[in-house]
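These notes are about the structure you will find just below.
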Amino acid sequence: MPSIDRLAIRKILDSRGNATVEVDVVAGSALGRAAAPSGASTGALEAPSWPPGGVDAALRIFQDSLAPRLRGRDVKDQPGLDRTLRELDGTPNFARIGGNVATAVSLANAKAAAASSGKPLFRYLTGPQGPSIPLPLGNVIGGGRHAIGGTTIQEYLVVSQGPTALANVMTNARVHALVRDALMKRLPGVPLGRGDEGAWVAQLQDEEALSLLADVCRKVEREAAFPVRPALDLAASEFYRGGKYRYRDRTLSAKKQIDFVERLADDFSLFSVEDPFDQEDFGSFTELTKRIGDRCKVIGDDIFVTNVERLRRGIEQRAANAILIKPNQIGTLSETRAAVDLAHSAGYATVMSHRSGETTDDTIAHLAVAFGCLGIKTGAVGGERIAKLNELIRIEEQLQAGA
Ligand code: PGA
Ligand code: ZN
């Protein structure tokens with residue numbers, strides 16, 4: 001039994017320049033190392049990243065109460081470790097130890113277990129359905145909480161559906177580059193920057209930004225000879241105030257928002273729409289899914305927060321047909337996997353996701369492959385984003401080689 005000999009935690013930087021944590025789990029000669037990301041447009045019901053007192057309090061809690069209790073555990077017993085984390089926390093949502101420490105410990109343990117069996121993580125975690133390569137969803141134009149002065153809608157993404165992950169990653173990056181050229185032409189002399197996830201910050205109205213992206217997608221689709229479609233993450237809870245959705249150029253009731261998103265999905269042939277409504281508005285999600293669910297993925301992020309209870313409610317109400325999966329919204333690998341499995345058993349698609357504040361940790365590429373996710377949302381460019389994309393390319397190479 002490979003047991004945990006040593007655990008360590010350190011403070012490291014995330015891509016926004018904030019402190020986060022990285023955890024090492026050592027079992028014999030095997031090392032598992034994982035870092036936790038942080039969101040900016042966080043769901044109201046997700047695990048808080050940090051305990052009261054912030055990152056430093058998280059480090060102290062780890063040293064004083066987690067590490068001593070976890071030493072000696074069998075690294076292969078992931079469910080047991082995750083249950084112990086829950087018990088040591090003692091709150092319903094990791095409010096005492098923080099979701100980020102829980103996530104980093106849980107993932108580092110899985111990586112140590114994989115290393116001790118001599119397997120890459122994706123192999124170690126792959127279930128009976130076998131590994132599968134997800135479609136990358138690349139963020140191209142960004143606003144909302146991820147950028148100052150940009151669009152109201154948080155993310156305008158591209159989803160290339162070519163024969164390989166390599167082709168899709170490269171095609172998404174090409175769309176990102178061509179959108180820069182199109183924006184410079186459209187807004188000459190206007191400074192052009194990038195938001196937290198490497199997406200362009202466009203000083204355009206929302207529909208204009210989508211139309212510009214859709215034009216580029218059509219052009220690249222013709223070149224590539226496979227589908228290259230736009231997608232949106234509205235992160236609508238962030239601009240829902242006083243019962244209305246407040247864009248720069250329009251204010252919409254919930255009913256009008258359903259019509260608006262339906263029209264965008266059809267006019268621009270959207271691959272997916274994520275969080276088109278406030279996180280508590282299951283009813284509007286249900287109505288939109290009824291209208292467009294046969295041709296567009298309606299993805300729940302803040303509404304489900306990778307939580308099986310919230311997802312179960314969504315499934316009962318037919319509130320979506322896909323779920324975004326963020327391990328640190330729920331805090332453990334076992335519960336992340338439970339959300340994925342429940343989604344798949346209900347016919348929902350899953351999209352494994354980064355957070356806006358990231359590190360170069362590439363674990364989510366392995367999780368997406370092992371869990372059979374339809375997609376992986378992890379940006380189009382930028383160091384902490386390409387860490388995952390390039391790992392996906394390496395995994396694909398191993399699968400092609402039959403490794
Ligand atoms: P976050 O945003 O990481 O800032 O929460 C990502 C998303 O909403 O999908
Ligand atoms: Zn989202």
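Residues in the structure tokens are numbered from 1 in each chain, the chains being A, B, ... in the order shown, and ligands are numbered from 1 in the order shown.
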
Shell around segment 343-347 of chain A at 9 Å using only C-alpha atoms, local window under 2 positions removed, as a list in words: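 Answer for this query is Val308, Leu311, Arg312, Ile315, Asn321, Ala322, Ile323, Ala338, Ala339, Val340, Asp341, Ala349, Thr350, Gly372 and Cys373 of chain A.
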
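Near segment 12-25 of chain A, within a cut-off of 6 Å and counting only C-alpha atoms, sit the residues Leu31, Gly32, Arg33, Ala34, Ala35, Ala104, Val105, Ala108, Asn109, Gly357, Glu358 and Thr359 of chain A, with same-chain residues fewer than 6 positions away left out.
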
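DSSP annotation of segment 312-354 of chain A from backbone atoms: strand (DSSP E) residues are A:Ala322, A:Ile323, A:Leu324, A:Ile325, A:Ala349, A:Thr350, A:Val351, A:Met352, A:Ser353.
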
Residues at most 6 Å from ligand 1, using only C-alpha atoms and all ligand atoms? Could they come as an MDAnalysis selection string? chainID A and resid 39:42 235 355:356

Could those residues be written to a file, using N, CA and C atoms, as a PDB file, in the first residue's frame?
```
ATOM      1  N   GLY A  39     -11.678  31.858  -9.181  1.00  0.00           N
ATOM      2  CA  GLY A  39     -12.560  32.547 -10.116  1.00  0.00           C
ATOM      3  C   GLY A  39     -12.744  34.013  -9.748  1.00  0.00           C
ATOM      4  N   ALA A  40     -13.273  34.775 -10.729  1.00  0.00           N
ATOM      5  CA  ALA A  40     -13.669  36.172 -10.461  1.00  0.00           C
ATOM      6  C   ALA A  40     -15.181  36.278 -10.484  1.00  0.00           C
ATOM      7  N   SER A  41     -15.815  35.554 -11.414  1.00  0.00           N
ATOM      8  CA  SER A  41     -17.283  35.568 -11.471  1.00  0.00           C
ATOM      9  C   SER A  41     -17.764  34.288 -10.800  1.00  0.00           C
ATOM     10  N   THR A  42     -17.589  34.248  -9.493  1.00  0.00           N
ATOM     11  CA  THR A  42     -17.870  33.007  -8.766  1.00  0.00           C
ATOM     12  C   THR A  42     -19.369  32.837  -8.534  1.00  0.00           C
ATOM     13  N   ALA A 235     -22.256  34.563 -18.280  1.00  0.00           N
ATOM     14  CA  ALA A 235     -22.061  34.830 -16.841  1.00  0.00           C
ATOM     15  C   ALA A 235     -23.094  35.866 -16.383  1.00  0.00           C
ATOM     16  N   ARG A 355     -10.279  28.254 -14.323  1.00  0.00           N
ATOM     17  CA  ARG A 355     -10.839  29.463 -13.718  1.00  0.00           C
ATOM     18  C   ARG A 355     -10.118  30.668 -14.331  1.00  0.00           C
ATOM     19  N   SER A 356     -10.674  31.851 -14.097  1.00  0.00           N
ATOM     20  CA  SER A 356     -10.022  33.027 -14.688  1.00  0.00           C
ATOM     21  C   SER A 356      -8.649  33.287 -14.068  1.00  0.00           C
TER      22      SER A 356
END
```

Contact residues around Thr164 of chain A with only C-alpha atoms at 9 Å, ignoring same-chain residues under 3 positions, as a PyMOL selection string: chain A and resi 133+135+161+167-169+393+396

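Residues in contact range of Ala27 of chain A, defined as at most 7 Å between only C-alpha atoms, with sequence neighbours fewer than 3 positions away removed, read Pro2, Ser3, Ile4, Asp5, Ala30, Leu31 and Ala112 of chain A.
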
Any chance you can output those residues with N, CA, C and O atoms as a PDB file, in the first residue's frame?
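Output below, filename part.pdb:
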```pdb
ATOM      1  N   PRO A   2       0.837   2.038  -1.082  1.00  0.00           N
ATOM      2  CA  PRO A   2       1.626   3.271  -1.072  1.00  0.00           C
ATOM      3  C   PRO A   2       0.962   4.300  -0.146  1.00  0.00           C
ATOM      4  O   PRO A   2      -0.137   4.777  -0.435  1.00  0.00           O
ATOM      5  N   SER A   3       1.620   4.597   0.947  1.00  0.00           N
ATOM      6  CA  SER A   3       0.968   5.531   1.885  1.00  0.00           C
ATOM      7  C   SER A   3       1.659   6.889   1.858  1.00  0.00           C
ATOM      8  O   SER A   3       2.823   7.008   1.461  1.00  0.00           O
ATOM      9  N   ILE A   4       0.915   7.887   2.289  1.00  0.00           N
ATOM     10  CA  ILE A   4       1.420   9.265   2.249  1.00  0.00           C
ATOM     11  C   ILE A   4       2.513   9.423   3.313  1.00  0.00           C
ATOM     12  O   ILE A   4       2.257   9.260   4.503  1.00  0.00           O
ATOM     13  N   ASP A   5       3.732   9.710   2.851  1.00  0.00           N
ATOM     14  CA  ASP A   5       4.846   9.912   3.784  1.00  0.00           C
ATOM     15  C   ASP A   5       4.945  11.370   4.204  1.00  0.00           C
ATOM     16  O   ASP A   5       5.342  11.684   5.319  1.00  0.00           O
ATOM     17  N   ALA A  30       7.029   8.499  -5.187  1.00  0.00           N
ATOM     18  CA  ALA A  30       6.030   9.167  -6.035  1.00  0.00           C
ATOM     19  C   ALA A  30       5.678  10.541  -5.478  1.00  0.00           C
ATOM     20  O   ALA A  30       5.429  10.690  -4.277  1.00  0.00           O
ATOM     21  N   LEU A  31       5.658  11.527  -6.368  1.00  0.00           N
ATOM     22  CA  LEU A  31       5.257  12.885  -5.974  1.00  0.00           C
ATOM     23  C   LEU A  31       3.996  13.267  -6.742  1.00  0.00           C
ATOM     24  O   LEU A  31       3.937  13.118  -7.968  1.00  0.00           O
ATOM     25  N   ALA A 112      -0.256  11.629  -6.926  1.00  0.00           N
ATOM     26  CA  ALA A 112       0.715  10.760  -6.242  1.00  0.00           C
ATOM     27  C   ALA A 112       0.335   9.294  -6.467  1.00  0.00           C
ATOM     28  O   ALA A 112       1.202   8.437  -6.707  1.00  0.00           O
TER      29      ALA A 112
END
```

Nearest-residue call for Tyr124 of chain A, choices A:Arg10, A:Arg318, A:Lys111, A:Lys388, using only C-alpha atoms: A:Lys111

Ligand 2: which residues are within 10 Å, counting only C-alpha atoms and all ligand atoms, as a PyMOL selection string? chain A and resi 39-43+154-155+232-237+273-276+299-303+305+323-326+353-356+377

Between A:Ser106, A:Gly193, A:Gln129, A:Val216, which one has atoms that come closest to Gln78 of chain A, using only C-alpha atoms?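 Closest residue, counting only C-alpha atoms: A:Ser106.
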
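Compared by their closest atoms to Phe271 of chain A, and using only C-alpha atoms, the residues A:Pro136, A:Pro188, A:Pro48, A:Gly130 rank with A:Pro136 nearest.
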
I'd like the neighbourhood of His176 of chain A as a PyMOL selection string, where a residue qualifies if any of its atoms comes within 9 Å (using only C-alpha atoms), though same-chain residues fewer than 4 positions away should be ignored. chain A and resi 138-141+158+171-172+180+199-200+213+380-381

Identify, on the basis of only C-alpha atoms, every residue whose closest approach to Asp82 of chain A does not exceed 9 Å; exclude the query and any residue fewer than 5 positions from it along the same chain; express the result as an mmCIF file with N, CA and C atoms, in the first residue's frame.
```
data_model
loop_
_atom_site.group_PDB
_atom_site.id
_atom_site.type_symbol
_atom_site.label_atom_id
_atom_site.label_comp_id
_atom_site.auth_asym_id
_atom_site.auth_seq_id
_atom_site.Cartn_x
_atom_site.Cartn_y
_atom_site.Cartn_z
ATOM 1 N N ASP A 77 -6.651 5.341 -1.898
ATOM 2 C CA ASP A 77 -8.021 5.485 -1.364
ATOM 3 C C ASP A 77 -8.495 6.936 -1.517
ATOM 4 N N GLU A 87 -14.822 15.767 6.502
ATOM 5 C CA GLU A 87 -14.989 15.669 7.964
ATOM 6 C C GLU A 87 -14.150 16.708 8.682
ATOM 7 N N ALA A 102 -8.614 22.262 -0.154
ATOM 8 C CA ALA A 102 -9.227 20.949 -0.358
ATOM 9 C C ALA A 102 -8.930 20.437 -1.766
ATOM 10 N N VAL A 105 -5.170 19.486 -2.257
ATOM 11 C CA VAL A 105 -4.827 18.235 -1.558
ATOM 12 C C VAL A 105 -5.419 17.045 -2.317
ATOM 13 N N SER A 106 -6.684 17.176 -2.691
ATOM 14 C CA SER A 106 -7.390 16.073 -3.340
ATOM 15 C C SER A 106 -6.722 15.708 -4.676
ATOM 16 N N GLY A 331 -14.569 21.141 -4.507
ATOM 17 C CA GLY A 331 -13.477 20.958 -3.547
ATOM 18 C C GLY A 331 -12.794 19.608 -3.504
ATOM 19 N N THR A 332 -13.411 18.550 -4.073
ATOM 20 C CA THR A 332 -12.703 17.263 -4.089
ATOM 21 C C THR A 332 -12.849 16.600 -5.460
ATOM 22 N N LEU A 333 -11.881 15.735 -5.741
ATOM 23 C CA LEU A 333 -11.917 14.987 -6.999
ATOM 24 C C LEU A 333 -13.116 14.038 -7.037
ATOM 25 N N SER A 334 -13.405 13.373 -5.912
ATOM 26 C CA SER A 334 -14.518 12.402 -5.906
ATOM 27 C C SER A 334 -15.841 13.086 -6.221
ATOM 28 N N GLU A 335 -16.056 14.264 -5.631
ATOM 29 C CA GLU A 335 -17.326 14.952 -5.886
ATOM 30 C C GLU A 335 -17.368 15.552 -7.293
#
```

Mind checking which residues fall within 9 Å of segment 89-96 of chain A, counting only C-alpha atoms, ignoring those fewer than 5 positions away in the same chain, and posting them as a PDB file with N, CA and C atoms, in the first residue's frame?
```pdb
ATOM      1  N   LEU A  45     -23.090  29.853  -4.746  1.00  0.00           N
ATOM      2  CA  LEU A  45     -23.132  28.622  -3.959  1.00  0.00           C
ATOM      3  C   LEU A  45     -21.871  27.775  -4.066  1.00  0.00           C
ATOM      4  N   GLU A  46     -20.834  28.274  -4.722  1.00  0.00           N
ATOM      5  CA  GLU A  46     -19.624  27.453  -4.804  1.00  0.00           C
ATOM      6  C   GLU A  46     -18.824  27.542  -3.505  1.00  0.00           C
ATOM      7  N   ALA A  47     -17.918  26.563  -3.314  1.00  0.00           N
ATOM      8  CA  ALA A  47     -17.073  26.591  -2.124  1.00  0.00           C
ATOM      9  C   ALA A  47     -16.255  27.877  -2.135  1.00  0.00           C
ATOM     10  N   PRO A  48     -16.207  28.594  -1.016  1.00  0.00           N
ATOM     11  CA  PRO A  48     -15.330  29.771  -0.988  1.00  0.00           C
ATOM     12  C   PRO A  48     -13.876  29.317  -1.148  1.00  0.00           C
ATOM     13  N   SER A  49     -13.081  30.072  -1.907  1.00  0.00           N
ATOM     14  CA  SER A  49     -11.700  29.653  -2.150  1.00  0.00           C
ATOM     15  C   SER A  49     -10.899  29.571  -0.857  1.00  0.00           C
ATOM     16  N   TRP A  50     -11.149  30.517   0.050  1.00  0.00           N
ATOM     17  CA  TRP A  50     -10.293  30.636   1.227  1.00  0.00           C
ATOM     18  C   TRP A  50     -11.109  30.655   2.508  1.00  0.00           C
ATOM     19  N   PRO A  51     -10.491  30.193   3.593  1.00  0.00           N
ATOM     20  CA  PRO A  51     -11.166  30.313   4.896  1.00  0.00           C
ATOM     21  C   PRO A  51     -11.115  31.777   5.349  1.00  0.00           C
ATOM     22  N   PRO A  52     -11.870  32.129   6.384  1.00  0.00           N
ATOM     23  CA  PRO A  52     -11.727  33.474   6.934  1.00  0.00           C
ATOM     24  C   PRO A  52     -10.251  33.670   7.300  1.00  0.00           C
ATOM     25  N   ALA A  58      -5.282  29.576   5.398  1.00  0.00           N
ATOM     26  CA  ALA A  58      -5.358  28.255   4.752  1.00  0.00           C
ATOM     27  C   ALA A  58      -4.059  27.476   4.982  1.00  0.00           C
ATOM     28  N   ILE A  61      -4.045  26.216   8.603  1.00  0.00           N
ATOM     29  CA  ILE A  61      -4.988  25.101   8.798  1.00  0.00           C
ATOM     30  C   ILE A  61      -4.401  23.814   8.224  1.00  0.00           C
ATOM     31  N   THR A  84     -12.434  12.345   4.326  1.00  0.00           N
ATOM     32  CA  THR A  84     -11.712  12.898   5.476  1.00  0.00           C
ATOM     33  C   THR A  84     -11.608  14.411   5.365  1.00  0.00           C
ATOM     34  N   ALA A 102      -8.614  22.262  -0.154  1.00  0.00           N
ATOM     35  CA  ALA A 102      -9.227  20.949  -0.358  1.00  0.00           C
ATOM     36  C   ALA A 102      -8.930  20.437  -1.766  1.00  0.00           C
ATOM     37  N   ILE A 330     -16.368  22.647  -6.006  1.00  0.00           N
ATOM     38  CA  ILE A 330     -16.903  21.665  -5.065  1.00  0.00           C
ATOM     39  C   ILE A 330     -15.838  21.194  -4.077  1.00  0.00           C
ATOM     40  N   GLY A 331     -14.569  21.141  -4.507  1.00  0.00           N
ATOM     41  CA  GLY A 331     -13.477  20.958  -3.547  1.00  0.00           C
ATOM     42  C   GLY A 331     -12.794  19.608  -3.504  1.00  0.00           C
TER      43      GLY A 331
END
```
